[in-house]
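Visitor: If it helps, the file is called data21.csv and holds CSV, C-alpha atoms:
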chain,number,residue,atom,x,y,z
A,30,MET,CA,-36.2,238.7,45.9
A,31,ALA,CA,-38.2,241.7,44.7
A,32,ALA,CA,-35.3,243.9,45.7
A,33,GLN,CA,-32.8,241.8,43.7
A,34,ALA,CA,-35.1,241.9,40.6
A,35,GLN,CA,-35.3,245.7,41.1
A,36,SER,CA,-31.6,246.1,41.4
A,37,LEU,CA,-30.9,244.0,38.3
A,38,SER,CA,-33.4,246.1,36.3
A,39,ASN,CA,-31.5,249.2,37.6
A,40,ASN,CA,-28.3,247.6,36.4
A,41,ASN,CA,-29.8,247.4,32.9
A,42,GLN,CA,-30.4,251.2,32.9
A,43,ILE,CA,-27.1,252.2,34.5
A,44,ILE,CA,-24.1,252.7,32.2
A,45,THR,CA,-20.8,252.7,34.0
A,46,GLY,CA,-18.0,255.2,33.1
A,47,ALA,CA,-16.0,252.3,31.6
A,48,ASP,CA,-18.9,251.2,29.4
A,49,ARG,CA,-19.2,254.6,27.9
A,50,THR,CA,-16.3,254.0,25.6
A,51,GLU,CA,-17.5,256.6,23.0
A,52,GLU,CA,-16.9,259.3,25.6
A,53,TYR,CA,-13.3,258.5,26.2
A,54,LEU,CA,-11.7,256.3,23.5
A,55,PRO,CA,-11.0,259.3,21.2
A,56,TYR,CA,-9.2,260.9,24.2
A,57,LEU,CA,-6.9,257.9,24.6
A,58,LYS,CA,-5.8,257.9,20.9
A,59,GLY,CA,-2.1,258.4,20.5
A,60,LYS,CA,-1.4,258.4,24.2
A,61,ARG,CA,0.6,256.0,26.3
A,62,ILE,CA,-1.8,254.8,29.0
A,63,ALA,CA,-1.3,253.5,32.5
A,64,ILE,CA,-4.2,252.0,34.4
A,65,MET,CA,-5.0,251.2,38.0
A,66,ALA,CA,-7.3,248.2,37.7
A,67,ASN,CA,-8.5,245.0,39.3
A,68,PRO,CA,-11.0,242.3,38.3
A,69,THR,CA,-13.9,244.8,38.8
A,70,SER,CA,-12.5,247.0,35.9
A,71,ILE,CA,-14.7,245.7,33.1
A,72,ILE,CA,-16.4,246.8,29.9
A,73,GLY,CA,-19.5,244.6,29.6
A,74,GLU,CA,-18.1,241.2,30.7
A,75,LYS,CA,-14.5,241.7,29.5
A,76,HIS,CA,-11.7,243.2,31.5
A,77,LEU,CA,-11.0,246.9,30.8
A,78,VAL,CA,-7.3,246.3,30.0
A,79,ASP,CA,-8.0,243.4,27.6
A,80,SER,CA,-10.8,245.4,25.9
A,81,LEU,CA,-8.8,248.6,25.5
A,82,GLN,CA,-5.8,246.6,24.1
A,83,SER,CA,-8.1,244.9,21.6
A,84,LEU,CA,-9.4,248.4,20.6
A,85,GLY,CA,-5.8,249.5,19.8
A,86,VAL,CA,-5.1,251.6,22.9
A,87,GLU,CA,-1.5,251.6,23.9
A,88,ILE,CA,-1.3,250.4,27.6
A,89,VAL,CA,2.2,250.6,28.9
A,90,LYS,CA,1.6,249.8,32.5
A,91,VAL,CA,-0.9,248.5,35.0
A,92,PHE,CA,-0.9,249.5,38.7
A,93,GLY,CA,-2.4,246.9,41.0
A,94,PRO,CA,-4.1,247.8,44.4
A,95,GLU,CA,-4.8,245.5,47.4
A,96,HIS,CA,-5.6,242.0,46.3
A,97,GLY,CA,-3.7,242.5,43.0
A,98,PHE,CA,-4.5,243.3,39.4
A,99,ARG,CA,-6.2,239.9,38.8
A,100,GLY,CA,-7.6,239.8,42.3
A,101,ASN,CA,-6.0,236.6,43.5
A,102,VAL,CA,-4.3,237.9,46.7
A,103,GLY,CA,-5.9,237.9,50.2
A,104,ALA,CA,-6.7,240.9,52.4
A,105,GLY,CA,-3.7,242.8,53.8
A,106,VAL,CA,-1.2,240.6,51.9
A,107,HIS,CA,1.6,242.5,50.1
A,108,VAL,CA,1.5,242.1,46.4
A,109,LYS,CA,4.6,241.9,44.2
A,110,ASP,CA,5.4,243.5,40.8
A,111,GLU,CA,5.0,241.1,37.9
A,112,ILE,CA,4.4,240.8,34.2
A,113,ASP,CA,0.8,240.0,33.4
A,114,SER,CA,0.8,236.6,31.8
A,115,LYS,CA,-2.3,237.4,29.6
A,116,THR,CA,-1.2,240.7,28.1
A,117,GLY,CA,2.6,240.9,28.7
A,118,ILE,CA,2.0,244.3,30.3
A,119,PRO,CA,4.2,245.2,33.4
A,120,ILE,CA,2.2,245.3,36.6
A,121,VAL,CA,3.5,247.6,39.3
A,122,SER,CA,2.0,246.8,42.8
A,123,LEU,CA,0.9,249.7,44.9
A,124,TYR,CA,0.1,247.4,47.8
A,125,GLY,CA,3.6,246.2,48.7
A,126,ALA,CA,7.0,247.9,48.9
A,127,LYS,CA,5.4,251.1,47.6
A,128,ARG,CA,2.0,252.7,47.8
A,129,LYS,CA,2.5,255.4,45.2
A,130,PRO,CA,3.9,255.3,41.6
A,131,SER,CA,7.5,256.6,41.3
A,132,LYS,CA,8.8,259.1,38.8
A,133,GLU,CA,10.4,256.2,37.0
A,134,ASP,CA,7.1,254.3,36.9
A,135,LEU,CA,5.5,257.3,35.1
A,136,GLU,CA,8.3,258.3,32.7
A,137,ASN,CA,6.7,256.7,29.6
A,138,VAL,CA,3.1,257.5,30.6
A,139,ASP,CA,0.9,260.3,29.0
A,140,LEU,CA,-2.4,259.6,30.9
A,141,LEU,CA,-3.4,257.6,34.0
A,142,ILE,CA,-6.8,255.8,34.2
A,143,TYR,CA,-8.4,254.8,37.5
A,144,ASP,CA,-11.2,252.2,37.3
A,145,LEU,CA,-11.9,250.3,40.5
A,146,GLN,CA,-15.3,249.3,42.0
A,147,ASP,CA,-15.7,250.7,45.4
A,148,VAL,CA,-18.3,249.8,48.1
A,149,GLY,CA,-18.6,253.2,49.8
A,150,CYS,CA,-16.8,252.6,53.1
A,151,ARG,CA,-13.9,254.5,54.7
A,152,PHE,CA,-12.1,251.2,55.6
A,153,TYR,CA,-12.2,249.9,52.0
A,154,THR,CA,-8.7,250.8,50.9
A,155,ASN,CA,-9.3,251.7,47.2
A,156,ILE,CA,-9.9,255.4,48.1
A,157,ASN,CA,-6.5,255.5,49.8
A,158,ALA,CA,-4.9,254.1,46.6
A,159,LEU,CA,-6.8,256.7,44.6
A,160,VAL,CA,-5.4,259.7,46.6
A,161,ARG,CA,-1.9,258.4,46.3
A,162,LEU,CA,-2.4,258.1,42.5
A,163,MET,CA,-3.7,261.7,42.4
A,164,GLU,CA,-0.6,262.9,44.3
A,165,ALA,CA,1.7,261.1,41.8
A,166,CYS,CA,-0.2,262.6,38.9
A,167,HIS,CA,0.3,266.1,40.3
A,168,GLU,CA,4.0,265.4,41.0
A,169,ASN,CA,4.5,264.2,37.4
A,170,ASN,CA,2.2,266.7,35.7
A,171,LEU,CA,-0.3,264.1,34.5
A,172,GLU,CA,-4.0,264.1,34.3
A,173,LEU,CA,-6.1,261.3,36.0
A,174,LEU,CA,-9.0,259.9,34.0
A,175,ILE,CA,-11.6,258.4,36.4
A,176,LEU,CA,-14.1,255.9,34.9
A,177,ASP,CA,-16.8,256.2,37.6
A,178,ARG,CA,-18.9,253.3,38.9
A,179,PRO,CA,-22.0,253.2,41.1
A,180,ASN,CA,-21.6,252.9,44.9
A,181,PRO,CA,-23.8,249.9,45.9
A,182,ASN,CA,-24.1,251.6,49.4
A,183,GLY,CA,-24.6,255.1,47.9
A,184,TYR,CA,-27.8,255.8,49.9
A,185,LEU,CA,-26.0,255.3,53.2
A,186,ILE,CA,-24.1,258.2,54.9
A,187,ASP,CA,-23.6,257.1,58.5
A,188,GLY,CA,-21.1,256.4,61.3
A,189,PRO,CA,-18.7,258.7,63.2
A,190,VAL,CA,-16.5,260.9,61.1
A,191,LEU,CA,-12.9,259.7,61.5
A,192,ASP,CA,-11.2,261.4,64.5
A,193,MET,CA,-7.8,262.0,62.8
A,194,LYS,CA,-6.1,260.8,66.0
A,195,TYR,CA,-7.0,257.3,64.7
A,196,LYS,CA,-5.7,257.8,61.2
A,197,SER,CA,-4.5,254.5,59.8
A,198,GLY,CA,-4.3,252.3,56.7
A,199,ILE,CA,-8.0,251.7,57.0
A,200,GLY,CA,-9.0,255.3,57.7
A,201,GLN,CA,-7.1,258.2,56.2
A,202,PHE,CA,-9.7,260.9,55.7
A,203,PRO,CA,-12.2,262.7,57.9
A,204,ILE,CA,-15.3,261.0,56.5
A,205,PRO,CA,-17.9,258.7,58.1
A,206,MET,CA,-17.8,254.9,58.0
A,207,SER,CA,-20.2,254.9,55.1
A,208,HIS,CA,-19.5,258.0,53.0
A,209,GLY,CA,-22.2,258.0,50.2
A,210,LEU,CA,-19.9,258.9,47.4
A,211,THR,CA,-18.8,257.4,44.1
A,212,VAL,CA,-15.0,257.3,43.6
A,213,ALA,CA,-15.1,260.3,41.2
A,214,GLU,CA,-17.1,262.3,43.8
A,215,PHE,CA,-14.6,261.3,46.5
A,216,ALA,CA,-11.7,262.4,44.2
A,217,MET,CA,-13.3,265.8,43.8
A,218,MET,CA,-13.8,266.0,47.6
A,219,ALA,CA,-10.1,265.0,48.2
A,220,ASN,CA,-9.0,267.8,45.8
A,221,GLY,CA,-11.4,270.3,47.2
A,222,GLU,CA,-10.8,269.7,50.9
A,223,GLY,CA,-7.0,269.7,50.6
A,224,TRP,CA,-6.5,266.0,51.5
A,225,LEU,CA,-3.7,265.4,49.1
A,226,GLU,CA,-0.2,265.8,50.5
A,227,ASP,CA,0.7,269.5,50.9
A,228,LYS,CA,-2.9,270.3,49.7
A,229,VAL,CA,-1.9,269.9,46.1
A,230,GLN,CA,-4.6,269.5,43.4
A,231,CYS,CA,-4.7,266.7,40.8
A,232,LYS,CA,-6.1,267.5,37.3
A,233,LEU,CA,-9.1,265.2,36.9
A,234,LYS,CA,-11.1,264.1,33.9
A,235,ILE,CA,-14.3,262.2,34.9
A,236,ILE,CA,-16.5,259.9,32.8
A,237,PRO,CA,-19.6,259.7,35.0
A,238,VAL,CA,-22.1,256.9,35.3
A,239,ALA,CA,-25.2,257.4,33.1
A,240,ASN,CA,-28.7,257.0,34.5
A,241,TYR,CA,-27.6,256.8,38.1
A,242,THR,CA,-28.7,258.2,41.4
A,243,HIS,CA,-27.2,257.4,44.9
A,244,ASP,CA,-30.5,255.8,46.0
A,245,MET,CA,-30.5,253.2,43.2
A,246,PRO,CA,-29.9,249.6,44.3
A,247,TYR,CA,-27.0,248.2,42.2
A,248,THR,CA,-25.9,244.6,42.0
A,249,LEU,CA,-22.1,244.3,41.5
A,250,PRO,CA,-21.4,242.2,38.4
A,251,VAL,CA,-18.0,241.2,39.9
A,252,SER,CA,-17.0,240.7,43.5
A,253,PRO,CA,-15.0,243.7,44.6
A,254,SER,CA,-12.5,241.7,46.7
A,255,PRO,CA,-12.1,238.0,47.8
A,256,ASN,CA,-13.9,238.4,51.1
A,257,LEU,CA,-16.7,240.6,49.6
A,258,ASN,CA,-17.8,237.7,47.5
A,259,THR,CA,-21.6,238.1,47.6
A,260,GLN,CA,-24.0,241.0,47.1
A,261,GLN,CA,-25.2,240.3,50.7
A,262,ALA,CA,-21.7,240.8,52.0
A,263,VAL,CA,-21.3,244.1,50.1
A,264,LEU,CA,-24.6,245.5,51.5
A,265,LEU,CA,-23.9,244.4,55.1
A,266,TYR,CA,-20.3,245.5,55.0
A,267,PRO,CA,-20.8,249.1,56.3
A,268,SER,CA,-22.5,247.6,59.4
A,269,THR,CA,-20.4,244.4,59.8
A,270,CYS,CA,-16.9,245.5,59.1
A,271,MET,CA,-16.7,246.8,62.6
A,272,PHE,CA,-16.5,243.2,63.8
A,273,GLU,CA,-12.8,243.3,62.6
A,274,GLY,CA,-12.2,245.2,65.9
A,275,THR,CA,-13.7,242.5,68.1
A,276,TYR,CA,-12.6,239.0,69.3
A,277,VAL,CA,-15.3,237.5,67.1
A,278,ASN,CA,-14.9,235.6,63.9
A,279,HIS,CA,-16.7,237.6,61.2
A,280,GLY,CA,-17.0,234.9,58.6
A,281,ARG,CA,-13.4,234.8,57.5
A,282,GLY,CA,-12.5,231.2,56.8
A,283,THR,CA,-16.0,230.5,55.4
A,284,TYR,CA,-17.6,231.4,52.1
A,285,PHE,CA,-19.8,233.9,53.9
A,286,PRO,CA,-17.4,236.6,55.2
A,287,PHE,CA,-19.1,239.6,56.8
A,288,ILE,CA,-22.4,237.7,56.9
A,289,VAL,CA,-21.8,235.1,59.7
A,290,PHE,CA,-20.3,235.9,63.1
A,291,GLY,CA,-19.4,233.9,66.1
A,292,SER,CA,-16.9,232.4,68.5
A,293,PRO,CA,-16.5,229.2,70.6
A,294,ALA,CA,-17.5,231.2,73.6
A,295,TYR,CA,-21.2,231.5,72.4
A,296,LYS,CA,-21.8,227.7,72.7
A,297,GLY,CA,-25.1,227.2,74.5
A,298,ILE,CA,-26.1,230.8,73.8
A,299,TYR,CA,-26.6,230.6,70.0
A,300,SER,CA,-27.7,227.5,68.1
A,301,PHE,CA,-26.3,228.6,64.7
A,302,SER,CA,-22.7,227.3,64.3
A,303,TYR,CA,-19.9,227.1,61.7
A,304,THR,CA,-16.2,226.1,61.6
A,305,PRO,CA,-13.7,228.6,60.0
A,306,LYS,CA,-11.2,226.8,57.8
A,307,SER,CA,-8.1,228.0,55.9
A,308,ILE,CA,-9.2,229.1,52.5
A,309,LYS,CA,-6.5,230.1,50.0
A,310,GLY,CA,-6.9,233.6,48.5
A,311,MET,CA,-9.6,234.5,51.1
A,312,SER,CA,-8.3,233.8,54.6
A,313,THR,CA,-5.4,231.4,55.3
A,314,SER,CA,-5.4,231.7,59.1
A,315,PRO,CA,-8.8,233.0,60.3
A,316,LEU,CA,-9.6,233.7,63.9
A,317,PHE,CA,-10.8,230.4,65.6
A,318,MET,CA,-9.6,228.3,62.7
A,319,ASP,CA,-10.9,224.7,62.9
A,320,GLN,CA,-13.0,225.6,66.0
A,321,VAL,CA,-16.8,225.4,66.1
A,322,CYS,CA,-18.1,229.0,66.4
A,323,TYR,CA,-21.6,229.9,67.5
A,324,GLY,CA,-23.4,233.1,66.8
A,325,LEU,CA,-25.3,235.1,64.2
A,326,ASP,CA,-26.3,234.1,60.7
A,327,LEU,CA,-27.3,237.0,58.5
A,328,ARG,CA,-27.3,235.2,55.2
A,329,ASN,CA,-31.1,235.7,54.9
A,330,TYR,CA,-31.2,239.1,56.5
A,331,ASP,CA,-33.4,241.5,54.5
A,332,THR,CA,-31.0,244.2,53.4
A,333,ASP,CA,-34.0,246.4,52.4
A,334,LEU,CA,-34.3,247.0,56.2
A,335,LEU,CA,-30.9,248.8,56.1
A,336,ARG,CA,-32.1,250.8,53.1
A,337,LYS,CA,-35.3,251.8,54.8
A,338,SER,CA,-33.5,252.9,58.0
A,339,ARG,CA,-30.6,254.6,56.1
A,340,GLN,CA,-28.4,253.7,59.1
A,341,ILE,CA,-25.6,251.3,59.9
A,342,ASN,CA,-26.9,248.5,62.1
A,343,LEU,CA,-25.4,248.8,65.6
A,344,LYS,CA,-27.7,246.1,67.2
A,345,TRP,CA,-25.5,243.2,66.1
A,346,ILE,CA,-22.3,244.3,67.8
A,347,MET,CA,-24.3,245.5,70.9
A,348,GLU,CA,-26.0,242.1,71.1
A,349,LEU,CA,-22.9,240.0,70.7
A,350,TYR,CA,-21.1,242.1,73.4
A,351,LYS,CA,-24.1,241.8,75.8
A,352,ASN,CA,-24.3,238.0,75.3
A,353,SER,CA,-20.5,237.5,75.5
A,354,PRO,CA,-19.3,235.4,78.4
A,355,GLU,CA,-15.9,236.9,77.8
A,356,LYS,CA,-16.7,240.6,77.8
A,357,GLU,CA,-13.2,241.5,79.2
A,358,ILE,CA,-11.5,240.3,76.0
A,359,PHE,CA,-14.2,241.3,73.5
A,360,PHE,CA,-12.2,244.3,72.3
A,361,ASP,CA,-8.7,243.0,73.1
A,362,GLY,CA,-6.8,243.6,69.9
A,363,SER,CA,-3.7,241.9,71.3
A,364,LEU,CA,-5.3,238.5,71.1
A,365,SER,CA,-5.2,238.1,67.3
A,366,LYS,CA,-3.4,239.4,64.3
A,367,GLN,CA,-6.7,239.1,62.6
A,368,MET,CA,-8.1,242.0,64.8
A,369,ASN,CA,-7.9,245.7,64.4
A,370,ASN,CA,-8.0,248.1,67.3
A,371,ILE,CA,-11.7,249.1,67.6
A,372,GLU,CA,-10.9,252.8,67.9
A,373,ILE,CA,-9.1,252.6,64.5
A,374,GLN,CA,-11.9,250.5,63.0
A,375,ILE,CA,-14.7,252.8,64.0
A,376,GLY,CA,-12.6,256.0,63.9
A,377,SER,CA,-13.8,257.1,67.4
A,378,GLY,CA,-12.4,257.0,70.9
A,379,LEU,CA,-15.8,256.8,72.4
A,380,PHE,CA,-17.3,253.6,70.9
A,381,ARG,CA,-15.5,250.9,73.0
A,382,GLN,CA,-16.7,252.4,76.3
A,383,GLN,CA,-20.2,253.2,75.0
A,384,ILE,CA,-20.7,249.5,74.1
A,385,ILE,CA,-19.2,248.3,77.4
A,386,ASP,CA,-21.4,250.7,79.4
A,387,GLY,CA,-24.5,249.7,77.5
A,388,VAL,CA,-25.1,253.2,76.2
A,389,PRO,CA,-28.4,253.3,74.3
A,390,GLU,CA,-28.1,253.3,70.5
A,391,SER,CA,-29.7,256.8,70.3
A,392,GLU,CA,-27.0,258.2,72.5
A,393,ILE,CA,-24.2,256.6,70.5
A,394,ARG,CA,-25.6,258.1,67.4
A,395,ALA,CA,-25.9,261.5,69.1
A,396,SER,CA,-22.2,261.4,69.9
A,397,TRP,CA,-21.5,261.3,66.1
A,398,GLU,CA,-22.8,264.8,65.9
A,399,PRO,CA,-22.3,267.5,64.8
A,400,GLY,CA,-19.5,265.8,62.7
A,401,LEU,CA,-21.9,263.6,60.6
A,402,SER,CA,-24.3,266.5,59.8
A,403,ASN,CA,-21.4,268.8,58.9
A,404,TYR,CA,-20.0,266.1,56.6
A,405,LYS,CA,-23.4,265.7,54.8
A,406,LEU,CA,-23.5,269.4,54.1
A,407,MET,CA,-19.9,269.4,52.8
A,408,ARG,CA,-20.6,266.3,50.7
A,409,LYS,CA,-23.2,268.2,48.7
A,410,LYS,CA,-20.5,270.4,47.0
A,411,TYR,CA,-19.0,267.4,45.3
A,412,LEU,CA,-22.1,265.4,44.1
A,413,LEU,CA,-22.2,264.4,40.4
A,414,TYR,CA,-25.5,262.5,40.9
A,415,PRO,CA,-28.8,263.2,42.8
Turn this file's structure into structure tokens for me.
Guide:
Amino acid sequence: MAAQAQSLSNNNQIITGADRTEEYLPYLKGKRIAIMANPTSIIGEKHLVDSLQSLGVEIVKVFGPEHGFRGNVGAGVHVKDEIDSKTGIPIVSLYGAKRKPSKEDLENVDLLIYDLQDVGCRFYTNINALVRLMEACHENNLELLILDRPNPNGYLIDGPVLDMKYKSGIGQFPIPMSHGLTVAEFAMMANGEGWLEDKVQCKLKIIPVANYTHDMPYTLPVSPSPNLNTQQAVLLYPSTCMFEGTYVNHGRGTYFPFIVFGSPAYKGIYSFSYTPKSIKGMSTSPLFMDQVCYGLDLRNYDTDLLRKSRQINLKWIMELYKNSPEKEIFFDGSLSKQMNNIEIQIGSGLFRQQIIDGVPESEIRASWEPGLSNYKLMRKKYLLYP
């Protein structure tokens, strides 16, 4: 409870890029603006698009990421183009038939704005959308204005750096699972390290967060996506998203995704149980739907322990593997469309066998070197905040 009070007081000090309207409103005057936004794009308690429109800014287009502009689409579901019913602005989906704005999409645009809340993890797809947007800006000679936001997991830099053999939709850049950057810092890194196609550079203008450091706890005012619907889920996500590469339900089909974990196989091993159901907009066909699952309940886990350790928690996945009566199928991605290949999820070809062989945690962590330490050094070049 004390940590929650502390983070709320930090929220009062922190001023997001979007909230610093005096810093960028004059820059928007007379320009035709396109925005990549979702429900986390807010000024105070009002949506950025609605706020800017009311302030006389000419918004000609909105680009929508995964989950859609208004955030009403489930994970991995393709999103269609539409006209926003509230504002009448055309919405172009970049999580459907196309992943990058076309020349036609940008013909009547003078400036692009990016304002999405991120959670600081490689497998969270907002940073992929950001890089595609940067490429489109370069191709169409446009500047990208980033309204920066705090990273709620900004203190945490951990996990194996992605082995590019396992590049995928949930891992496109050689960064660790938890990267310790805000989106503006990541954009600077993507530019500086040549991660845009053909190593092009995007012209960036950044409105930084005021009164912020990476170590500050920050409570998100809006859920960043349907299945990260609580602050507990956001803070556990760097550690628990790896369960997407296991034959274990990771809370999808409940209102506690990424916080409860289980399967019918753990009956008699764990006393905690829950039954995944179809929940529209969150998970329509979760793993083990309508079956009683037994396992771990982390709803009351003290997330300050993660903050103190400054490490992803590997103990949960090690424990569930060790206690599984079905070890031979624990990592079998062919069993469910809800599963990812564990190599793709973790970004390493070693992890599966390390867990199977019962390799000690210290040795697993040692195998992430020297990549992790090299990344931490490289990261320093792009920091906007202590």
Visitor: Find the residues around Asp319 of chain A up to 6 Å (all atoms listed in the file counted), leave out those fewer than 6 positions away in its own chain, and share them as a PyMOL selection string.
Guide: chain A and resi 304-306
Visitor: One decimal, Å: what's the distance from atom CA of Gly362 of chain A over to atom CA of Phe272 of chain A, could you say?
Guide: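 Atom CA of Phe272 of chain A lies at a distance of 11.5 Å from atom CA of Gly362 of chain A.
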Visitor: Identify which of the residues A:Gly274, A:Pro286, A:Pro205, A:Gly125 lies closest to Leu364 of chain A, counting only C-alpha atoms when measuring atom-to-atom distances.
Guide: A:Gly274
Visitor: Can I get the residues of segment 41-126 of chain A within 6 Å of segment 171-184 of chain A, each with the closest pair of atoms and their distance in Å to one decimal, using all atoms listed in the file, sorted chain first then ascending number, as JSON lines?
Guide:
{"residue": "A:Thr45", "atom": "CA", "partner": "A:Arg178", "partner_atom": "CA", "distance": 5.3}
{"residue": "A:Gly46", "atom": "CA", "partner": "A:Leu176", "partner_atom": "CA", "distance": 4.4}
{"residue": "A:Ala47", "atom": "CA", "partner": "A:Leu176", "partner_atom": "CA", "distance": 5.2}
Visitor: Which polymer residues have any atom within 9 Å of an atom of segment 333-340 of chain A, counting all atoms listed in the file, with same-chain residues fewer than 5 positions away left out, as a CSV table (one decimal) with C-alpha atoms, keeping the file's coordinate frame?
Guide:
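Dumped to result.csv:
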chain,number,residue,atom,x,y,z
A,32,ALA,CA,-35.3,243.9,45.7
A,182,ASN,CA,-24.1,251.6,49.4
A,184,TYR,CA,-27.8,255.8,49.9
A,185,LEU,CA,-26.0,255.3,53.2
A,186,ILE,CA,-24.1,258.2,54.9
A,187,ASP,CA,-23.6,257.1,58.5
A,188,GLY,CA,-21.1,256.4,61.3
A,244,ASP,CA,-30.5,255.8,46.0
A,264,LEU,CA,-24.6,245.5,51.5
A,265,LEU,CA,-23.9,244.4,55.1
A,268,SER,CA,-22.5,247.6,59.4
Visitor: One decimal, Å: what's the distance from atom CA of His243 of chain A over to atom CA of Asn258 of chain A, could you say?
Guide: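 Atom CA of Asn258 of chain A lies at a distance of 22.0 Å from atom CA of His243 of chain A.
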Visitor: As an exercise, work out the distance from atom CA of Phe290 of chain A to atom CA of Tyr303 of chain A in Å and give it to one decimal place.
Guide: 8.9 Å
Visitor: List every protein, DNA or RNA residue that has an atom no more than 10 Å from (-14.9, 241.4, 47.1) in the file's coordinate frame, counting all atoms listed in the file, and report them as a list in words.
Guide: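 Nearby residues: Pro68, Thr69, His96, Gly100, Ala104, Gln146, Asp147, Val148, Leu249, Val251, Ser252, Pro253, Ser254, Pro255, Asn256, Leu257, Asn258, Thr259, Gln260, Ala262, Val263, Pro286 and Met311 of chain A.
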Visitor: Would you export the selected residues with C-alpha atoms as a short mmCIF file (atom, residue, chain, number, x, y, z; two decimals), in the frame of the given file, please?
Guide:
data_model
loop_
_atom_site.label_atom_id
_atom_site.label_comp_id
_atom_site.auth_asym_id
_atom_site.auth_seq_id
_atom_site.Cartn_x
_atom_site.Cartn_y
_atom_site.Cartn_z
CA PRO A 68 -11.00 242.30 38.30
CA THR A 69 -13.90 244.80 38.80
CA HIS A 96 -5.60 242.00 46.30
CA GLY A 100 -7.60 239.80 42.30
CA ALA A 104 -6.70 240.90 52.40
CA GLN A 146 -15.30 249.30 42.00
CA ASP A 147 -15.70 250.70 45.40
CA VAL A 148 -18.30 249.80 48.10
CA LEU A 249 -22.10 244.30 41.50
CA VAL A 251 -18.00 241.20 39.90
CA SER A 252 -17.00 240.70 43.50
CA PRO A 253 -15.00 243.70 44.60
CA SER A 254 -12.50 241.70 46.70
CA PRO A 255 -12.10 238.00 47.80
CA ASN A 256 -13.90 238.40 51.10
CA LEU A 257 -16.70 240.60 49.60
CA ASN A 258 -17.80 237.70 47.50
CA THR A 259 -21.60 238.10 47.60
CA GLN A 260 -24.00 241.00 47.10
CA ALA A 262 -21.70 240.80 52.00
CA VAL A 263 -21.30 244.10 50.10
CA PRO A 286 -17.40 236.60 55.20
CA MET A 311 -9.60 234.50 51.10
#
Visitor: Within 12 Å of Ile142 of chain A, counting all atoms listed in the file, which residues qualify if same-chain residues fewer than 6 places away don't, as a PyMOL selection string?
Guide: chain A and resi 46-47+53-54+56-57+60-66+70+77-78+81+88-92+159+162-163+166+171-177+213+233-236
Visitor: Could you name the residues that touch Asn170 of chain A at 12 Å or less, counting all atoms listed in the file, but leaving out those on the same chain fewer than 6 positions away, as a list in words?
Guide: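 The filter keeps Lys132, Leu135, Glu136, Val138, Asp139, Leu140, Leu141, Leu162, Met163, Glu164, Val229, Gln230, Cys231, Lys232 and Leu233 of chain A.
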Visitor: Will you model N, CA, C and O atoms for segment 200-208 of chain A and pass it back as a PDB file, in the frame of the given file?
Guide:
ATOM      1  N   GLY A 200      -8.234 254.069  57.513  1.00  0.00           N
ATOM      2  CA  GLY A 200      -9.000 255.300  57.700  1.00  0.00           C
ATOM      3  C   GLY A 200      -8.002 256.485  57.597  1.00  0.00           C
ATOM      4  O   GLY A 200      -7.214 256.738  58.499  1.00  0.00           O
ATOM      5  N   GLN A 201      -8.049 257.179  56.465  1.00  0.00           N
ATOM      6  CA  GLN A 201      -7.100 258.200  56.200  1.00  0.00           C
ATOM      7  C   GLN A 201      -7.698 259.614  56.055  1.00  0.00           C
ATOM      8  O   GLN A 201      -6.981 260.604  56.000  1.00  0.00           O
ATOM      9  N   PHE A 202      -9.024 259.663  55.983  1.00  0.00           N
ATOM     10  CA  PHE A 202      -9.700 260.900  55.700  1.00  0.00           C
ATOM     11  C   PHE A 202     -10.863 261.171  56.613  1.00  0.00           C
ATOM     12  O   PHE A 202     -11.510 260.219  57.059  1.00  0.00           O
ATOM     13  N   PRO A 203     -11.171 262.437  56.916  1.00  0.00           N
ATOM     14  CA  PRO A 203     -12.200 262.700  57.900  1.00  0.00           C
ATOM     15  C   PRO A 203     -13.629 262.583  57.263  1.00  0.00           C
ATOM     16  O   PRO A 203     -14.335 263.542  56.983  1.00  0.00           O
ATOM     17  N   ILE A 204     -13.977 261.312  57.031  1.00  0.00           N
ATOM     18  CA  ILE A 204     -15.300 261.000  56.500  1.00  0.00           C
ATOM     19  C   ILE A 204     -15.925 259.909  57.354  1.00  0.00           C
ATOM     20  O   ILE A 204     -15.233 259.234  58.120  1.00  0.00           O
ATOM     21  N   PRO A 205     -17.247 259.739  57.290  1.00  0.00           N
ATOM     22  CA  PRO A 205     -17.900 258.700  58.100  1.00  0.00           C
ATOM     23  C   PRO A 205     -17.604 257.310  57.615  1.00  0.00           C
ATOM     24  O   PRO A 205     -17.027 257.127  56.529  1.00  0.00           O
ATOM     25  N   MET A 206     -18.008 256.315  58.382  1.00  0.00           N
ATOM     26  CA  MET A 206     -17.800 254.900  58.000  1.00  0.00           C
ATOM     27  C   MET A 206     -18.339 254.603  56.638  1.00  0.00           C
ATOM     28  O   MET A 206     -17.720 253.932  55.825  1.00  0.00           O
ATOM     29  N   SER A 207     -19.554 255.070  56.383  1.00  0.00           N
ATOM     30  CA  SER A 207     -20.200 254.900  55.100  1.00  0.00           C
ATOM     31  C   SER A 207     -20.395 256.291  54.488  1.00  0.00           C
ATOM     32  O   SER A 207     -21.150 257.094  55.030  1.00  0.00           O
ATOM     33  N   HIS A 208     -19.680 256.600  53.377  1.00  0.00           N
ATOM     34  CA  HIS A 208     -19.500 258.000  53.000  1.00  0.00           C
ATOM     35  C   HIS A 208     -20.508 258.469  51.885  1.00  0.00           C
ATOM     36  O   HIS A 208     -20.619 259.661  51.620  1.00  0.00           O
TER      37      HIS A 208
END
